[in-house]
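Asker: Have a look at the structure that comes next, please.
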Amino acid sequence: MERSLRAARAATFTYFILNGTLLGMWVVQIPPIEERVGISHAVLGGFLVLLGLGAFAGMRLAGPLADRLGTRTVVPVSAVFCGAALILPGLAADTWTLAAALFVFGFANGCLDVGMNAHAVQVEKAYGRPVMSAFHATFSVGGVLAALAGAATAGLGWSPAATLGCAGVLATLIALGAARALLPAENGSAAAPHDESGPGETAGRPAPARIWILAGLALLVMLCEGAANDWSVLHLKTVLGASDSLAAFAYGTFAAAMTVGRLLADRIAARFGPAAVVRHGAATAAVGMTAVALSPWIPLALAGWALFGAGLSGCVPQLFSAAGHADPAAAGANVSRVAGLGYLGMLAGPAVIGWLTHLVPLNITFLLPAAFCLVAAAAAGVLRGRPVTEPKAAQPV
């Protein structure tokens with residue numbers, strides 16, 4: 001049992017890295033694809049929203065399927081689908097085919113995202129202690145691998161179609177190889193009968209209010225993350241006058257702090273509880289973002305971005321975990337609700353900040369994400385309702 005559980009955890013890490021890599025491979029190919037298809041930055045921005053809408057649709061489908069068929073089926077099928085869909089943007093010949101390709105790729109990515117998070121909840125329950133944040137940390141590793149692979153293939157003169165096609169084939173092989181180690185469906189999930197007194201959704205029953213509160217918190221937190229992804233570098237350059245090379249450190253410090261924070265968050269959650277991680281993490285993020293908004297000095301702004309990333313790092317994994325543990329029979333559906341609304345927040349974050357810049361200076365707009373972090377900190381008590389997992393007698397490491 002210990003060996004199979006370790007293997008399942010390793011397989012989950014594999015799918016998280018794979019998802020980050022596939023998404024990153026598309027990102028690093030954006031410039032040549034944009035040039036080849038002949039679209040403007042504005043049109044590309046609209047297409048990226050379309051990719052996000054496809055992901056949201058995929059999340060909404062994959063959650064109930066994971067509950068009905070089991071994550072052992074949904075995760076590898078979604079990963080193979082995502083690998084196959086990755087080549088489509090590279091083959092797109094005009095604006096319409098690129099739009100369709102991005103929607104399909106987004107849909108596949110959304111299916112994989114929810115499936116692997118639902119399986120991560122299952123692994124965490126089997127371990128009897130928090131392990132979710134580490135999975136999310138390895139997603140960033142996939143982005144690094146994609147950047148290195150993209151740079152290497154560009155140096156060799158590969159076309160986007162060749163690069164994305166090879167990545168898709170490799171992803172398919174990895175996904176099929178890791179599938180055998182995934183955990184089978186639990187009793188009480190994957191088509192098992194559902195207790196009518198339970199909190200999940202069956203026979204058309206709506207999800208409980210607590211799930212939607214978790215989803216609302218995910219929207220706020222991921223909106224803040226989206227704002228940092230798209231505006232951190234521009235803030236340092238346009239507001240504080242940093243050079244291009246120095247401005248890049250704004251996102252770099254944010255991303256590095258978030259990765260390190262997620263590697264540490266599981267131990268903190270195990271000792272103090274998930275509510276404490278979200279409460280103190282969101283409060284820390286609010287302090288960091290306030291420092292960014294008000295700082296006249298580049299070093300203080302960089303410290304603020306780092307504090308913002310460290311504070312946010314553990315929030316989303318705890319929210320996903322709480323949703324998945326709320327009801328084993330509806331774990332996939334609940335994760336899809338929280339992840340889907342959170343993903344919309346990440347898409348909306350950059351747009352909201354951009355709209356506000358028409359009214360106030362860019363740095364002042366960051367006070368809105370700071371306020372959202374305070375709301376998340378104040379509402380963190382909702383995570384106290386999460387069932388406590390029972391540790392196994394001989395717990396694997």
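FYI, nothing fancy with the structure tokens labels: chains A, B, ... in order, residues from 1 per chain, ligands from 1 as they appear.
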Do you know which residues are at most 6 Å from region 172-179 of chain A counting only C-alpha atoms, after dropping those on the same chain fewer than 4 positions away, and could you put them as an MDAnalysis selection string?

Answerer: chainID A and resid 11 76 79:80 83

Asker: Rank A:Ala306, A:Ala376, A:Met25, A:Ala161 by their smallest atom-to-atom distance to Gly142 (chain A), using only C-alpha atoms, and report the top residue only.

Answerer: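 When distances to Gly142 (chain A) are compared using only C-alpha atoms, the smallest one comes from A:Met25.
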
Asker: Out of A:Ser78, A:Ser232, A:Ser295, A:Thr21, which residue has the shortest atom-to-atom distance to Ala149 (chain A) when counting only C-alpha atoms?

Answerer: A:Thr21

Asker: Give me, as an MDAnalysis selection string, all polymer residues having an atom no more than 9 Å from Glu124 (chain A), counting only C-alpha atoms and skipping those fewer than 5 positions away in the same chain.

Answerer: chainID A and resid 9 119 129:132 321 389

Asker: Write the selection just made, keeping N, CA and C atoms, as a PDB file, in the first residue's frame?

Answerer:
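That gives us again-v1.pdb:
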ATOM      1  N   ARG A   9       1.411   9.430  -5.758  1.00  0.00           N
ATOM      2  CA  ARG A   9       1.847  10.810  -5.524  1.00  0.00           C
ATOM      3  C   ARG A   9       2.824  11.249  -6.613  1.00  0.00           C
ATOM      4  N   HIS A 119      -7.671  14.299  -8.330  1.00  0.00           N
ATOM      5  CA  HIS A 119      -6.845  13.158  -7.923  1.00  0.00           C
ATOM      6  C   HIS A 119      -5.887  13.556  -6.800  1.00  0.00           C
ATOM      7  N   ARG A 129      -2.523  13.890   5.502  1.00  0.00           N
ATOM      8  CA  ARG A 129      -1.904  15.181   5.839  1.00  0.00           C
ATOM      9  C   ARG A 129      -1.852  16.030   4.575  1.00  0.00           C
ATOM     10  N   PRO A 130      -1.689  17.353   4.725  1.00  0.00           N
ATOM     11  CA  PRO A 130      -1.680  18.228   3.540  1.00  0.00           C
ATOM     12  C   PRO A 130      -0.495  17.942   2.609  1.00  0.00           C
ATOM     13  N   VAL A 131      -0.796  17.762   1.328  1.00  0.00           N
ATOM     14  CA  VAL A 131       0.247  17.606   0.308  1.00  0.00           C
ATOM     15  C   VAL A 131      -0.098  18.395  -0.965  1.00  0.00           C
ATOM     16  N   MET A 132      -1.207  19.113  -0.940  1.00  0.00           N
ATOM     17  CA  MET A 132      -1.706  19.770  -2.152  1.00  0.00           C
ATOM     18  C   MET A 132      -0.792  20.879  -2.661  1.00  0.00           C
ATOM     19  N   SER A 321      -8.252  22.137  -2.056  1.00  0.00           N
ATOM     20  CA  SER A 321      -8.269  20.978  -1.173  1.00  0.00           C
ATOM     21  C   SER A 321      -9.538  20.949  -0.338  1.00  0.00           C
ATOM     22  N   THR A 389      -8.556  14.714   7.805  1.00  0.00           N
ATOM     23  CA  THR A 389      -8.222  13.401   7.277  1.00  0.00           C
ATOM     24  C   THR A 389      -7.580  12.558   8.365  1.00  0.00           C
TER      25      THR A 389
END

Asker: Could you name the residues that touch Leu383 (chain A) at 9 Å or less, counting only C-alpha atoms, but leaving out those on the same chain fewer than 2 positions away, as a PyMOL selection string?

Answerer: chain A and resi 210+214+273-276+278+318-319+322+379-381+385-386

Asker: So which bits of region 88-321 of chain A end up alpha helix (DSSP H) when you DSSP the backbone, as a ChimeraX atom specification?

Answerer: /A:88-91,95-127,132-155,160-179,209-238,244-272,274-294,298-313,315-321

Asker: For Ala171 (chain A), which of A:Gly24, A:Tyr15, A:Tyr251, A:Leu341 is the closest residue, counting only C-alpha atoms?

Answerer: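 Answer, going by the shortest atom-to-atom distance: A:Tyr15.
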
Asker: Write out as a PyMOL selection string the residues lying within 9 Å of region 85-101 of chain A, counting only C-alpha atoms and excluding same-chain residues fewer than 6 positions away.

Answerer: chain A and resi 22-23+25-26+29+33+36-39+43+47-48+50-51+108-109+159-168

Asker: List the neighbours of Asn334 (chain A) out to 12 Å using only C-alpha atoms; skip same-chain residues closer than 4 positions along the sequence, and give me the result as a ChimeraX atom specification.

Answerer: /A:59-67,114-115,117-118,121,199-202,206-215,319-330,338-341

Asker: Quick one, how far is CA of Leu234 (chain A) from CA of Val141 (chain A)?

Answerer: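 CA of Val141 (chain A) lies 24.1 Å from CA of Leu234 (chain A).
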
Asker: Which distance in Å separates CA of Leu5 (chain A) and CA of Ala185 (chain A), to one decimal?

Answerer: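 We find that CA of Leu5 (chain A) and CA of Ala185 (chain A) lie 13.4 Å from each other.
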
Asker: Just want the 10 Å neighbourhood of Leu362 (chain A), counted on only C-alpha atoms, with same-chain residues fewer than 2 positions away dropped. Output as a PyMOL selection string.

Answerer: chain A and resi 231+234-235+238-239+293+353-360+364-367

Asker: Quick one: of A:Gly241, A:Gly342, A:Gly143, A:Gly261, who's nearest to Trp297 (chain A), counting only C-alpha atoms?

Answerer: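 Closest to Trp297 (chain A) of all the choices is A:Gly241.
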
Asker: Using only C-alpha atoms, which of the listed residues (A:Gly281, A:Ala151, A:Leu183, A:Cys373) sits closest to Thr12 (chain A)?

Answerer: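 That would be A:Leu183, the residue with the smallest distance to Thr12 (chain A).
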
Asker: Counting only C-alpha atoms, which residue out of A:Leu307, A:Val352, A:Ala256, A:Ala55 sits closest to Ala285 (chain A)?

Answerer: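 Looking only at the distances to Ala285 (chain A), the closest residue turns out to be A:Leu307.
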
Asker: What separation in Å, quoted to one decimal, exists between CA of Met258 (chain A) and CA of Ala154 (chain A)?

Answerer: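 Taking CA of Met258 (chain A) as the start and CA of Ala154 (chain A) as the end point, the length is 28.5 Å.
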